[in-house]
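Raw model_23.cif, mmCIF, C-alpha atoms:
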data_data
loop_
_atom_site.label_atom_id
_atom_site.label_comp_id
_atom_site.auth_asym_id
_atom_site.auth_seq_id
_atom_site.Cartn_x
_atom_site.Cartn_y
_atom_site.Cartn_z
CA MET V 118 48.83 -25.74 37.88
CA SER V 119 50.75 -24.91 34.69
CA ASP V 120 51.31 -21.35 33.51
CA GLN V 121 48.78 -21.79 30.72
CA GLU V 122 46.14 -23.10 33.15
CA GLN V 123 46.73 -20.16 35.47
CA TYR V 124 46.32 -17.76 32.56
CA ASN V 125 43.12 -19.46 31.41
CA HIS V 126 41.78 -19.21 34.95
CA LYS V 127 42.08 -15.39 34.78
CA ALA V 128 40.31 -15.24 31.44
CA ALA V 129 36.55 -15.11 31.08
CA LEU V 130 34.24 -16.53 28.46
CA ILE V 131 34.05 -14.16 25.49
CA GLU V 132 30.26 -13.81 25.82
CA ASP V 133 30.61 -12.95 29.51
CA LEU V 134 33.23 -10.36 28.70
CA LEU V 135 31.04 -8.71 26.04
CA ALA V 136 27.92 -8.87 28.18
CA ALA V 137 29.55 -7.42 31.32
CA PRO V 138 29.16 -3.70 30.38
CA PHE V 139 25.50 -4.29 29.44
CA ILE V 140 24.84 -6.11 32.68
CA ALA V 141 26.44 -3.24 34.59
CA ALA V 142 24.29 -0.71 32.70
CA ALA V 143 21.16 -2.81 33.22
CA ASN V 144 21.90 -3.04 36.96
CA ALA V 145 22.37 0.74 37.08
CA ASN V 146 19.05 1.20 35.30
CA SER V 147 17.38 -1.22 37.65
CA LYS V 148 18.64 0.68 40.71
CA MET V 149 17.49 3.98 39.25
CA ALA V 150 14.10 2.48 38.34
CA GLN V 151 13.68 1.23 41.91
CA GLU V 152 14.45 4.70 43.25
CA GLN V 153 12.04 6.18 40.73
CA VAL V 154 9.22 3.80 41.70
CA ARG V 155 9.82 4.49 45.40
CA PHE V 156 9.69 8.22 44.66
CA LEU V 157 6.58 7.81 42.53
CA MET V 158 4.73 5.85 45.20
CA GLU V 159 5.73 8.20 48.01
CA THR V 160 5.20 11.49 46.19
CA CYS V 161 2.38 10.92 43.75
CA PHE V 162 0.19 8.37 45.52
CA ASP V 163 -1.70 8.21 48.80
CA THR V 164 -1.64 4.89 50.60
CA LYS V 165 -4.95 3.62 51.94
CA GLU V 166 -4.49 0.22 53.59
CA ASP V 167 -3.64 -2.02 50.63
CA SER V 168 -4.51 0.35 47.84
CA PHE V 169 -2.95 3.40 46.32
CA SER V 170 -4.83 6.39 45.00
CA PRO V 171 -3.20 9.11 42.91
CA LYS V 172 -2.66 12.51 44.48
CA MET V 173 -4.70 15.04 42.59
CA ILE V 174 -3.90 18.63 41.81
CA SER V 175 -6.46 21.13 40.71
CA LEU V 176 -6.17 23.47 37.79
CA THR V 177 -8.43 26.40 37.09
CA ILE V 178 -9.70 27.17 33.66
CA ARG V 179 -10.84 30.63 32.66
CA LYS V 180 -13.32 30.73 29.82
CA ASN V 181 -13.56 34.07 28.07
CA ASN V 182 -17.08 35.30 27.59
CA GLN V 183 -17.83 37.06 24.33
CA SER V 184 -20.08 39.69 25.89
CA GLU V 185 -18.40 42.38 27.94
CA THR V 186 -21.27 42.58 30.42
CA GLN V 187 -20.83 38.99 31.66
CA PRO V 188 -17.80 38.07 33.75
CA ASP V 189 -15.40 35.31 32.63
CA GLU V 190 -16.32 31.80 33.75
CA LEU V 191 -13.91 30.20 36.18
CA LEU V 192 -13.95 26.38 36.33
CA THR V 193 -11.84 23.88 38.22
CA PHE V 194 -10.65 20.48 37.08
CA GLU V 195 -8.47 17.90 38.72
CA LEU V 196 -5.73 15.76 37.31
CA PRO V 197 -3.26 13.38 38.90
CA LEU V 198 0.07 14.91 39.88
CA ILE V 199 1.82 12.05 38.05
CA THR V 200 0.62 13.37 34.68
CA ILE V 201 2.58 16.60 34.84
CA ILE V 202 5.87 15.32 36.27
CA PRO V 203 8.34 14.13 33.61
CA PHE V 204 9.45 10.74 34.93
CA ASN V 205 11.18 9.05 32.03
CA SER V 206 14.46 10.87 32.41
CA LEU V 207 16.27 8.78 34.99
CA CYS V 208 18.01 6.08 33.05
CA VAL V 209 21.21 5.20 31.26
CA LYS V 210 20.46 6.75 27.88
CA GLU V 211 23.27 5.22 25.90
CA ILE V 212 26.38 3.25 26.63
CA ASN V 213 29.49 3.23 24.48
CA VAL V 214 32.10 0.70 25.44
CA LYS V 215 35.37 0.37 23.57
CA PHE V 216 38.12 -1.99 24.60
CA ASP V 217 40.72 -4.31 23.21
CA MET V 218 40.30 -7.94 24.00
CA GLU V 219 42.68 -10.82 23.64
CA ILE V 220 41.68 -14.39 23.06
CA VAL V 221 43.79 -16.46 25.35
CA SER V 222 42.39 -19.94 24.79
CA LEU V 223 40.27 -21.97 22.46
CA ALA V 224 39.14 -25.34 23.75
CA PRO V 225 36.31 -27.82 23.20
CA LYS V 226 33.30 -26.95 25.29
CA HIS V 227 32.51 -29.31 28.15
CA VAL V 228 29.61 -31.49 27.03
CA ALA V 229 27.53 -33.52 29.46
CA GLU V 230 27.98 -37.27 29.21
CA ASN V 231 24.30 -37.91 28.45
CA ASP V 232 24.30 -35.37 25.59
CA GLU V 233 23.56 -37.42 22.48
CA THR V 234 23.63 -34.62 19.95
CA GLY V 235 27.27 -35.28 19.29
CA LYS V 236 27.97 -31.58 18.85
CA LYS V 237 31.42 -30.42 19.81
CA ASN V 238 31.20 -26.68 20.42
CA MET V 239 34.30 -24.66 20.94
CA GLU V 240 34.73 -22.37 23.90
CA MET V 241 36.69 -19.15 23.57
CA ARG V 242 38.17 -17.46 26.57
CA GLY V 243 39.52 -13.96 26.65
CA SER V 244 40.50 -11.03 28.77
CA VAL V 245 40.64 -7.29 28.46
CA ALA V 246 43.90 -6.53 26.66
CA ALA V 247 46.75 -4.94 28.49
CA SER V 248 48.29 -1.76 27.12
CA LYS V 249 50.80 -2.20 24.31
CA SER V 250 53.78 -1.46 26.54
CA ASP V 251 52.86 -4.41 28.81
CA ASP V 252 52.97 -6.98 26.04
CA SER V 253 55.77 -9.43 26.50
CA PRO V 254 57.07 -11.30 23.42
CA THR V 255 56.04 -14.66 24.96
CA GLN V 256 52.45 -13.55 25.44
CA LYS V 257 52.16 -12.22 21.93
CA ARG V 258 52.78 -15.65 20.49
CA HIS V 259 49.66 -17.15 22.12
CA GLN V 260 47.21 -14.30 21.86
CA SER V 261 44.91 -12.87 19.27
CA LYS V 262 43.68 -9.34 19.84
CA MET V 263 40.20 -8.06 19.03
CA HIS V 264 38.92 -4.51 19.13
CA VAL V 265 35.41 -4.40 20.57
CA GLU V 266 32.96 -1.53 20.24
CA ILE V 267 29.56 -1.90 21.87
CA THR V 268 26.76 0.64 21.64
CA GLY V 269 23.54 0.26 23.57
CA GLY V 270 20.50 2.47 24.03
CA THR V 271 17.30 2.64 25.99
CA ILE V 272 13.81 1.94 24.83
CA PRO V 273 10.98 4.45 25.35
CA LEU V 274 8.77 4.58 28.43
CA PRO V 275 7.04 1.19 29.03
CA VAL V 276 3.72 0.84 27.23
CA GLY V 277 1.96 0.05 30.52
CA LEU V 278 2.99 3.31 32.13
CA THR V 279 2.21 5.28 28.98
CA THR V 280 -1.26 3.72 28.92
CA ILE V 281 -1.88 4.66 32.55
CA LEU V 282 -0.80 8.24 31.87
CA LYS V 283 -2.97 8.39 28.74
CA PHE V 284 -5.90 6.93 30.65
CA TYR V 285 -5.55 9.59 33.32
CA SER V 286 -5.14 12.40 30.78
CA ASN V 287 -8.18 11.31 28.77
CA ASN V 288 -10.39 11.28 31.84
CA ILE V 289 -9.96 14.84 32.93
CA GLN V 290 -13.35 16.02 34.14
CA LEU V 291 -14.58 19.44 34.99
CA LYS V 292 -15.23 19.61 38.73
CA SER V 293 -17.26 22.78 39.06
CA MET X 45 10.39 20.17 28.63
CA ASN X 46 7.01 20.87 27.09
CA GLN X 47 4.11 18.53 27.69
CA THR X 48 0.56 18.39 26.43
CA LEU X 49 -2.74 18.23 28.21
CA GLN X 50 -6.17 17.66 26.77
CA CYS X 51 -8.31 20.78 27.04
CA PRO X 52 -11.34 19.91 29.21
CA GLN X 53 -13.38 22.42 27.23
CA CYS X 54 -12.78 21.54 23.57
CA LYS X 55 -10.58 18.37 23.84
CA SER X 56 -7.76 19.83 21.76
CA GLU X 57 -4.21 19.72 23.10
CA ILE X 58 -2.75 22.46 25.25
CA THR X 59 1.04 22.63 25.32
CA PHE X 60 2.48 23.56 28.68
CA ASN X 61 5.73 23.55 30.59
CA ALA X 62 5.37 21.72 33.90
CA GLN X 63 7.86 23.87 35.79
CA ALA X 64 6.27 27.09 34.54
CA LEU X 65 2.80 25.76 35.38
CA ILE X 66 3.93 24.92 38.92
CA ALA X 67 5.50 28.38 39.20
CA GLY X 68 2.12 29.93 38.40
CA ALA X 69 2.24 30.54 34.65
CA THR X 70 -0.95 30.56 32.58
CA PHE X 71 -1.32 28.57 29.34
CA THR X 72 -3.89 29.24 26.66
CA CYS X 73 -5.74 26.73 24.49
CA THR X 74 -5.14 27.69 20.86
CA THR X 75 -8.59 26.45 19.81
CA CYS X 76 -11.05 27.78 22.39
CA GLU X 77 -8.72 30.38 23.93
CA CYS X 78 -9.52 29.35 27.48
CA GLN X 79 -6.70 29.79 29.96
CA ILE X 80 -5.45 27.19 32.42
CA ARG X 81 -3.34 27.67 35.51
CA MET X 82 -2.61 25.73 38.65
CA SER X 83 -4.83 26.44 41.62
CA PRO X 84 -2.94 28.13 44.46
CA SER X 85 -4.06 25.30 46.78
CA SER X 86 -2.17 22.71 44.68
CA MET X 87 0.98 24.71 44.11
CA ASN X 88 2.74 23.69 47.32
CA GLN X 89 2.12 20.00 46.70
CA ALA X 90 3.43 20.23 43.12
CA LYS X 91 6.47 22.27 44.20
CA LYS X 92 7.36 19.68 46.85
CA CYS X 93 7.15 16.93 44.22
CA THR X 94 9.38 18.86 41.79
CA ILE X 95 12.00 19.48 44.51
CA SER X 96 11.98 15.78 45.43
CA LEU X 97 12.44 14.83 41.78
CA LEU X 98 15.35 17.26 41.39
CA ASN X 99 16.98 15.84 44.53
CA LEU X 100 16.54 12.33 43.18
CA ARG X 101 18.21 13.36 39.91
CA LYS X 102 21.10 15.00 41.78
CA LYS X 103 21.54 11.86 43.89
CA SER X 104 21.46 9.67 40.80
CA LEU X 105 24.08 11.82 39.01
CA LYS X 106 26.29 11.82 42.11
CA ASN X 107 26.07 8.03 42.35
CA LYS X 108 26.92 7.65 38.67
CA ARG X 109 29.93 9.96 39.06
CA TYR X 110 31.31 7.92 41.96
CA GLY X 111 30.57 4.61 40.26
CA LYS X 112 27.98 3.45 42.79
CA PHE X 113 25.69 2.32 39.98
#

Encoded form using structure tokens:
Amino acid sequence: MSDQEQYNHKAALIEDLLAAPFIAAANANSKMAQEQVRFLMETCFDTKEDSFSPKMISLTIRKNNQSETQPDELLTFELPLITIIPFNSLCVKEINVKFDMEIVSLAPKHVAENDETGKKNMEMRGSVAASKSDDSPTQKRHQSKMHVEITGGTIPLPVGLTTILKFYSNNIQLKS
Amino acid sequence: MNQTLQCPQCKSEITFNAQALIAGATFTCTTCECQIRMSPSSMNQAKKCTISLLNLRKKSLKNKRYGKF
């Protein structure tokens, strides 16, 4: 294997290199979401065979009576525990990734033999740039450096979960 | 963090703080002036849930710090 081939082997596709921090953040979010769901199911729901029913908490409501002779009315209503616990806080809120990248090769993309489109796409390979002090004069000749800044953010709570919470909140009934 | 709850009496929104509610605070509806508070029987259950959530957050922060995520 020539030196150039060895160097290309270390390099990754540019798109893979750019996507890697997002994939890492998405994986982190996924793990946290799994933990959150496990917590939600264990803490806020009761398991009955194959179904889950929300754990309810009761709140008392004191209605002030206008007349001083009558005592205040005390009523009870129930609502699911899930509605008062703020759940949407365990996630990667924003990621900021900054790094220098060097393009180490540019070659025609491998096209399948039966591909009749005739397109000849180019494939760029790169790697995370070494610090300036590590640059050797021979490497500099073959490389092109790029400065990459990626910013990502999260989206609000899923519509499905928001709908469930709204549904619960809108169906609060007085118990007694 | 403040949250809202629909008043079962007049259907307007009551702003409350979950942690304060669980700790026994009373919140008043600005429209009908009725007061809501958590029943003592539910307080333990809600407190347990809050503690579990805090532990989960601590665990998540610890994992992030040590690069486990």

Could you give me, as a PyMOL selection string, the residues within 9 Å of Pro84 of chain X, counting only C-alpha atoms and dropping anything in the same chain fewer than 6 positions from it?
-> (chain V and resi 175-176) or (chain X and resi 68)

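Our summary of the geometry notes that atom CA of Leu191 of chain V is positioned 5.8 Å from atom CA of Ile178 of chain V.
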
If you apply the PyMOL selection byres ((chain X) within 9 of (chain V)) to this file, what residues do you get, as a PyMOL selection string?
-> chain X and resi 45+47-53+55+61-63+76-87+89-90+92-94+96-97+100-101+104+108+112-113

Work out how far apart atom CA of Ile220 of chain V and atom CA of Arg242 of chain V are and give it in Å to one decimal.
->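 Separation between atom CA of Ile220 of chain V and atom CA of Arg242 of chain V: 5.8 Å.
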
What does the distance from atom CA of Gly243 of chain V to atom CA of Asp217 of chain V come to in Å, to one decimal?
-> 10.3 Å

Please, can segment 124-152 of chain V be completed to N, CA and C atoms and returned as a compact mmCIF listing (two decimals), in the coordinates of the input?
# COMPACT_ATOMS: atom_id res chain seq x y z
N TYR V 124 46.73 -18.86 33.43
CA TYR V 124 46.32 -17.76 32.56
C TYR V 124 44.86 -17.93 32.12
N ASN V 125 44.50 -19.18 31.81
CA ASN V 125 43.12 -19.46 31.41
C ASN V 125 42.15 -19.18 32.55
N HIS V 126 42.61 -19.43 33.77
CA HIS V 126 41.78 -19.21 34.95
C HIS V 126 41.41 -17.73 35.07
N LYS V 127 42.33 -16.83 34.70
CA LYS V 127 42.08 -15.39 34.78
C LYS V 127 41.12 -14.93 33.69
N ALA V 128 41.13 -15.65 32.59
CA ALA V 128 40.31 -15.24 31.44
C ALA V 128 38.85 -15.60 31.65
N ALA V 129 37.98 -14.84 30.99
CA ALA V 129 36.55 -15.11 31.08
C ALA V 129 36.04 -15.56 29.73
N LEU V 130 34.85 -16.14 29.73
CA LEU V 130 34.24 -16.53 28.46
C LEU V 130 33.99 -15.25 27.66
N ILE V 131 34.19 -15.34 26.34
CA ILE V 131 34.05 -14.16 25.49
C ILE V 131 32.67 -13.51 25.67
N GLU V 132 31.62 -14.36 25.69
CA GLU V 132 30.26 -13.81 25.82
C GLU V 132 30.07 -13.08 27.15
N ASP V 133 30.71 -13.62 28.20
CA ASP V 133 30.61 -12.95 29.51
C ASP V 133 31.31 -11.61 29.48
N LEU V 134 32.44 -11.59 28.79
CA LEU V 134 33.23 -10.36 28.70
C LEU V 134 32.47 -9.27 27.94
N LEU V 135 31.80 -9.68 26.85
CA LEU V 135 31.04 -8.71 26.04
C LEU V 135 29.77 -8.26 26.76
N ALA V 136 29.18 -9.20 27.52
CA ALA V 136 27.92 -8.87 28.18
C ALA V 136 28.11 -8.03 29.44
N ALA V 137 29.31 -8.09 30.02
CA ALA V 137 29.55 -7.42 31.32
C ALA V 137 29.16 -5.94 31.33
N PRO V 138 29.56 -5.12 30.33
CA PRO V 138 29.16 -3.70 30.38
C PRO V 138 27.64 -3.52 30.32
N PHE V 139 26.96 -4.39 29.54
CA PHE V 139 25.50 -4.29 29.44
C PHE V 139 24.84 -4.66 30.75
N ILE V 140 25.40 -5.69 31.39
CA ILE V 140 24.84 -6.11 32.68
C ILE V 140 25.00 -4.99 33.70
N ALA V 141 26.19 -4.36 33.67
CA ALA V 141 26.44 -3.24 34.59
C ALA V 141 25.45 -2.11 34.34
N ALA V 142 25.23 -1.78 33.05
CA ALA V 142 24.29 -0.71 32.70
C ALA V 142 22.86 -1.08 33.09
N ALA V 143 22.51 -2.35 32.87
CA ALA V 143 21.16 -2.81 33.22
C ALA V 143 20.95 -2.73 34.73
N ASN V 144 21.99 -3.12 35.49
CA ASN V 144 21.90 -3.04 36.96
C ASN V 144 21.74 -1.60 37.41
N ALA V 145 22.48 -0.69 36.75
CA ALA V 145 22.37 0.74 37.08
C ALA V 145 20.96 1.22 36.81
N ASN V 146 20.42 0.82 35.66
CA ASN V 146 19.05 1.20 35.30
C ASN V 146 18.04 0.65 36.30
N SER V 147 18.28 -0.58 36.71
CA SER V 147 17.38 -1.22 37.65
C SER V 147 17.36 -0.46 38.98
N LYS V 148 18.56 -0.06 39.45
CA LYS V 148 18.64 0.68 40.71
C LYS V 148 17.92 2.02 40.59
N MET V 149 18.13 2.68 39.45
CA MET V 149 17.49 3.98 39.25
C MET V 149 15.97 3.82 39.14
N ALA V 150 15.54 2.73 38.48
CA ALA V 150 14.10 2.48 38.34
C ALA V 150 13.47 2.24 39.71
N GLN V 151 14.20 1.50 40.56
CA GLN V 151 13.68 1.23 41.91
C GLN V 151 13.51 2.53 42.69
N GLU V 152 14.51 3.39 42.58
CA GLU V 152 14.45 4.70 43.25
C GLU V 152 13.27 5.51 42.72
